[in-house]
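Chemist: Contents of model.cif (mmCIF, C-alpha atoms):
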```cif
data_protein
loop_
_atom_site.label_atom_id
_atom_site.label_comp_id
_atom_site.auth_asym_id
_atom_site.auth_seq_id
_atom_site.Cartn_x
_atom_site.Cartn_y
_atom_site.Cartn_z
CA MET A 1 -7.50 -1.34 5.95
CA GLN A 2 -8.98 -2.87 9.10
CA ARG A 3 -12.47 -2.66 7.61
CA ALA A 4 -11.23 -4.24 4.37
CA GLN A 5 -9.68 -7.08 6.39
CA LYS A 6 -13.10 -7.72 7.92
CA GLY A 7 -14.65 -8.07 4.45
CA ASP A 8 -16.14 -4.57 4.13
CA ARG A 9 -16.65 -4.22 0.35
CA PRO A 10 -16.82 -0.39 0.32
CA ALA A 11 -13.49 -0.30 2.18
CA CYS A 12 -11.96 -2.62 -0.45
CA ALA A 13 -13.36 -0.43 -3.21
CA ALA A 14 -11.84 2.64 -1.54
CA LEU A 15 -8.42 0.96 -1.54
CA VAL A 16 -8.73 0.18 -5.23
CA GLU A 17 -9.81 3.73 -5.97
CA GLN A 18 -6.94 5.18 -3.95
CA TYR A 19 -4.15 3.05 -5.46
CA TRP A 20 -5.32 1.96 -8.92
CA ASP A 21 -3.88 4.86 -10.92
CA LYS A 22 -0.54 4.83 -9.11
CA LEU A 23 -0.06 1.09 -9.57
CA TYR A 24 -1.25 1.15 -13.17
CA HIS A 25 1.03 4.07 -14.10
CA TRP A 26 4.08 2.45 -12.50
CA LEU A 27 3.38 -0.95 -14.06
CA TYR A 28 2.83 0.67 -17.45
CA HIS A 29 6.29 2.21 -17.26
CA LEU A 30 7.74 -1.18 -16.41
CA CYS A 31 6.08 -3.24 -19.13
CA HIS A 32 5.28 -0.59 -21.79
CA ASP A 33 1.95 -2.26 -22.55
CA CYS A 34 -1.32 -0.70 -21.44
CA HIS A 35 -3.22 -4.00 -21.50
CA ALA A 36 -0.53 -5.85 -19.55
CA ALA A 37 -0.37 -3.00 -17.02
CA GLU A 38 -4.14 -3.16 -16.55
CA ASP A 39 -4.02 -6.95 -16.13
CA LEU A 40 -1.15 -6.67 -13.66
CA THR A 41 -2.97 -3.97 -11.68
CA GLN A 42 -6.06 -6.17 -11.45
CA GLU A 43 -3.92 -9.14 -10.48
CA THR A 44 -2.23 -7.05 -7.78
CA PHE A 45 -5.54 -6.19 -6.15
CA LEU A 46 -6.82 -9.75 -6.43
CA LYS A 47 -3.68 -11.04 -4.73
CA ALA A 48 -3.80 -8.27 -2.13
CA PHE A 49 -7.42 -8.99 -1.24
CA ALA A 50 -6.70 -12.72 -1.08
CA SER A 51 -3.89 -11.93 1.39
CA LEU A 52 -5.64 -9.28 3.48
CA LYS A 53 -5.65 -11.50 6.55
CA SER A 54 -1.84 -11.67 6.45
CA PHE A 55 -1.41 -7.87 6.30
CA ARG A 56 0.17 -6.76 9.57
CA ALA A 57 -0.76 -3.53 11.32
CA GLY A 58 2.07 -1.01 11.05
CA THR A 59 3.09 -2.25 7.60
CA ASN A 60 3.25 0.42 4.89
CA LEU A 61 0.21 -0.33 2.71
CA HIS A 62 1.65 1.61 -0.24
CA ALA A 63 4.86 -0.43 -0.21
CA TRP A 64 2.95 -3.70 0.36
CA LEU A 65 0.78 -3.15 -2.72
CA PHE A 66 3.77 -2.14 -4.85
CA ARG A 67 5.66 -5.25 -3.72
CA ILE A 68 2.75 -7.43 -4.82
CA ALA A 69 2.65 -5.53 -8.14
CA HIS A 70 6.40 -5.93 -8.63
CA ASN A 71 6.21 -9.67 -7.96
CA SER A 72 3.34 -9.99 -10.44
CA PHE A 73 5.38 -8.09 -13.02
CA LEU A 74 8.40 -10.34 -12.46
CA ASN A 75 6.23 -13.44 -12.78
CA GLN A 76 4.78 -12.16 -16.04
CA ARG A 77 8.25 -11.34 -17.32
CA ARG A 78 9.54 -14.80 -16.41
CA ALA A 79 6.62 -16.31 -18.30
CA GLY A 80 7.80 -14.49 -21.41
CA ARG A 81 4.73 -12.35 -21.91
CA LYS A 82 6.55 -9.10 -22.55
CA ALA A 83 5.46 -6.51 -25.09
CA ARG A 84 6.69 -2.98 -25.75
CA GLN A 85 4.61 0.03 -26.61
CA ALA A 86 5.23 3.76 -26.93
CA PHE A 87 4.88 6.11 -23.97
CA PRO A 88 1.30 7.42 -23.62
CA ALA A 89 0.60 10.32 -25.95
CA ASP A 90 -1.68 12.10 -23.49
CA VAL A 91 1.15 13.55 -21.41
CA ILE A 92 0.24 17.07 -20.35
CA THR A 93 2.70 19.85 -21.14
CA THR A 94 2.93 23.30 -19.59
CA ALA A 95 4.33 25.05 -22.65
CA GLU A 96 2.98 28.47 -23.58
CA GLY A 97 3.05 28.43 -27.37
CA PRO A 98 3.20 25.92 -30.24
CA ALA A 99 7.02 26.04 -30.50
CA GLU A 100 7.48 25.57 -26.75
CA GLU A 101 4.86 22.82 -26.70
CA ALA A 102 6.63 20.98 -29.53
CA MET A 103 9.97 21.30 -27.74
CA SER A 104 8.39 20.15 -24.47
CA ARG A 105 6.77 17.13 -26.13
CA GLU A 106 10.04 16.25 -27.82
CA ALA A 107 11.88 16.47 -24.49
CA LEU A 108 9.25 14.28 -22.79
CA GLN A 109 9.46 11.73 -25.57
CA LEU A 110 13.25 11.70 -25.32
CA LEU A 111 13.03 11.23 -21.56
CA ALA A 112 10.38 8.50 -21.90
CA ARG A 113 12.53 6.62 -24.42
CA ALA A 114 15.58 6.94 -22.16
CA VAL A 115 13.66 5.70 -19.12
CA GLY A 116 12.18 2.88 -21.21
CA ARG A 117 15.68 1.73 -22.20
CA LEU A 118 16.89 1.47 -18.62
CA PRO A 119 17.36 -2.07 -17.33
CA THR A 120 14.16 -3.17 -15.59
CA ASP A 121 15.68 -3.14 -12.09
CA TYR A 122 16.92 0.43 -12.52
CA ARG A 123 13.69 1.59 -14.18
CA ALA A 124 11.54 0.10 -11.39
CA ALA A 125 13.62 1.76 -8.66
CA PHE A 126 13.83 5.09 -10.49
CA LEU A 127 10.07 5.28 -11.07
CA LEU A 128 9.26 4.28 -7.49
CA ARG A 129 11.50 7.07 -6.24
CA VAL A 130 10.58 9.81 -8.74
CA GLU A 131 6.92 9.14 -9.44
CA GLU A 132 5.76 7.42 -6.26
CA ASN A 133 8.11 9.29 -3.91
CA LEU A 134 8.75 6.14 -1.89
CA SER A 135 11.49 6.13 0.72
CA PHE A 136 14.49 3.92 0.02
CA ARG A 137 13.34 1.62 2.82
CA ASP A 138 9.91 1.19 1.23
CA MET A 139 11.52 0.78 -2.19
CA ALA A 140 13.70 -1.99 -0.76
CA ASP A 141 10.56 -3.73 0.53
CA VAL A 142 8.84 -3.42 -2.84
CA LEU A 143 11.86 -4.62 -4.82
CA GLN A 144 12.83 -7.22 -2.21
CA THR A 145 16.38 -5.95 -1.90
CA SER A 146 18.44 -4.00 0.58
CA GLU A 147 18.00 -0.28 1.17
CA GLU A 148 21.56 0.28 -0.10
CA ASN A 149 20.81 -1.62 -3.29
CA ALA A 150 17.66 0.44 -3.85
CA ARG A 151 19.75 3.62 -3.51
CA TRP A 152 22.35 2.23 -5.87
CA ARG A 153 19.73 1.34 -8.51
CA VAL A 154 18.31 4.87 -8.44
CA TYR A 155 21.81 6.34 -8.64
CA LYS A 156 22.73 4.10 -11.60
CA ALA A 157 19.43 4.91 -13.33
CA ARG A 158 20.09 8.64 -13.00
CA GLN A 159 23.65 8.15 -14.19
CA LYS A 160 22.50 6.22 -17.27
CA LEU A 161 19.79 8.79 -18.01
CA MET A 162 22.34 11.61 -17.86
CA GLU A 163 24.63 9.72 -20.25
CA VAL A 164 21.79 9.45 -22.74
CA LEU A 165 20.23 12.88 -22.21
CA ALA A 166 23.32 15.08 -21.77
CA PRO A 167 24.27 15.13 -25.48
CA GLN A 168 20.66 15.96 -26.41
CA LEU A 169 20.48 18.71 -23.81
CA ASP A 170 23.78 20.19 -25.00
CA LYS A 171 22.51 20.06 -28.59
CA GLY A 172 19.39 21.99 -27.56
CA LYS A 173 21.47 24.80 -26.08
CA SER A 174 23.33 25.50 -29.32
#
```
The structure given in the file should be rewritten as C-alpha cells.
Modeler:
Amino acid sequence: MQRAQKGDRPACAALVEQYWDKLYHWLYHLCHDCHAAEDLTQETFLKAFASLKSFRAGTNLHAWLFRIAHNSFLNQRRAGRKARQAFPADVITTAEGPAEEAMSREALQLLARAVGRLPTDYRAAFLLRVEENLSFRDMADVLQTSEENARWRVYKARQKLMEVLAPQLDKGKS
C-alpha cells in the first residue's frame, strides 16, 4: 500500500489483482447485474486510487475498499440505475452423480433467490460476513453503521433466509 501511495504502478496493479474478484463478486450479489458489478468494481478502484493519499496507516485496506464499493453501489442505486439478473450459472457443485448434482444446483438456486430477495442492507451485511469473512467491526466501517447494527443485519438476514428456506428443506426430507 505504501508503494501504491507513492505512485508505484505495479503496486497498484497488485492491489487490483488481489481485490478485484472479491469486490466484483460481492457487488454482483448486491446489484444482480454483471455489467453494473464490473462498472462498480472499476469505479471503486478509480476512487480508491484517487484517494490513496488519504489512506491512513493501520486502516484495514479490505474494509476501506469495500466501503468505497458500498458507497458507489448506494450512489448507483440512488440514481435509479438498478437492474436484476439471475445468479451466475457457473457455480461449482461438489455432487457425486447426476441426481445429486441436480439437487445441489436446485438448492444453490433456491439459496441464491432467497439471498437476492433480502433487503439490500441485510444482503450486503450477510454477504460481507459469509463470503468475505469480515469482522463485525470491519463490516460496520464498510456499511457506515454501528457494530451492533451490522450484527443485527446479519442476524435478520439469517432469520429471513431460514423463514424462506425451512419449508423447502422440510419438503426435501419427505
Chemist: Between A:Ser135, A:Asn75, A:Ala13, A:Leu127, single out the one closest to Leu40 of chain A, counting all atoms listed in the file.
Modeler: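 Among A:Ser135, A:Asn75, A:Ala13, A:Leu127, it is A:Asn75 that comes nearest to Leu40 of chain A.
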Chemist: Expand the PyMOL selection byres ((chain A and resi 45) around 12) into the individual residues it matches in the shown file, reporting them as JSON, numbers by chain.
Modeler: {"A": [12, 13, 14, 15, 16, 17, 18, 19, 20, 23, 24, 38, 39, 40, 41, 42, 43, 44, 46, 47, 48, 49, 50, 51, 52, 64, 65, 66, 67, 68, 69, 72]}
Chemist: Measure the distance from atom CA of Asp138 of chain A to atom CA of Gly116 of chain A in Å and round it to one decimal.
Modeler: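 Atom-to-atom, atom CA of Asp138 of chain A and atom CA of Gly116 of chain A are spaced 22.6 Å apart.
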Chemist: Using all atoms listed in the file for the distances, tell me which of A:Thr120, A:Gln5, A:Asn60, A:Asn71 is nearest to Arg153 of chain A.
Modeler: A:Thr120
Chemist: What is the atom CA of Thr59 of chain A to atom CA of Leu134 of chain A distance in Å?
Modeler: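 That distance, rounded to one decimal, is 13.9 Å.
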Chemist: Using all atoms listed in the file, find the one residue out of A:Arg137, A:Thr145, A:Ala150, A:Leu111 that sits nearest to Val164 of chain A.
Modeler: A:Leu111
Chemist: Calculate how many Å separate atom CA of Leu143 of chain A from atom CA of Leu27 of chain A, rounding to one decimal.
Modeler: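 For atom CA of Leu143 of chain A relative to atom CA of Leu27 of chain A, the distance reads 13.1 Å.
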Chemist: Please provide the set of residues having any atom within 10 Å of Trp26 of chain A, restricted to all atoms listed in the file, with same-chain residues fewer than 2 positions apart removed, written as a ChimeraX atom specification.
Modeler: /A:21-24,28-32,37,41,66,69-70,123-124,127-128,131-132
Chemist: Which residues match the PyMOL selection byres ((chain A and resi 2) around 12) in the file above, as a PyMOL selection string?
Modeler: chain A and resi 1+3-9+11-12+15+52-58+61
Chemist: Adding 6 Å on each side of the box along x, y and z that holds all listed atoms of segment 139-147 of chain A, could you give its centre and edge lengths in Å to one decimal, as lines of an AutoDock Vina configuration file?
Modeler:
```
center_x = 13.6
center_y = -3.2
center_z = -1.8
size_x = 21.6
size_y = 20.0
size_z = 18.0
```
Chemist: Give as a list in words the residues that the PyMOL selection byres ((chain A and resi 149) around 12) matches when applied to the coordinates above.
Modeler: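 So the PyMOL selection byres ((chain A and resi 149) around 12) ends up selecting Asp121, Tyr122, Ala125, Phe136, Arg137, Met139, Ala140, Asp141, Leu143, Gln144, Thr145, Ser146, Glu147, Glu148, Ala150, Arg151, Trp152, Arg153, Val154, Tyr155 and Lys156 of chain A.
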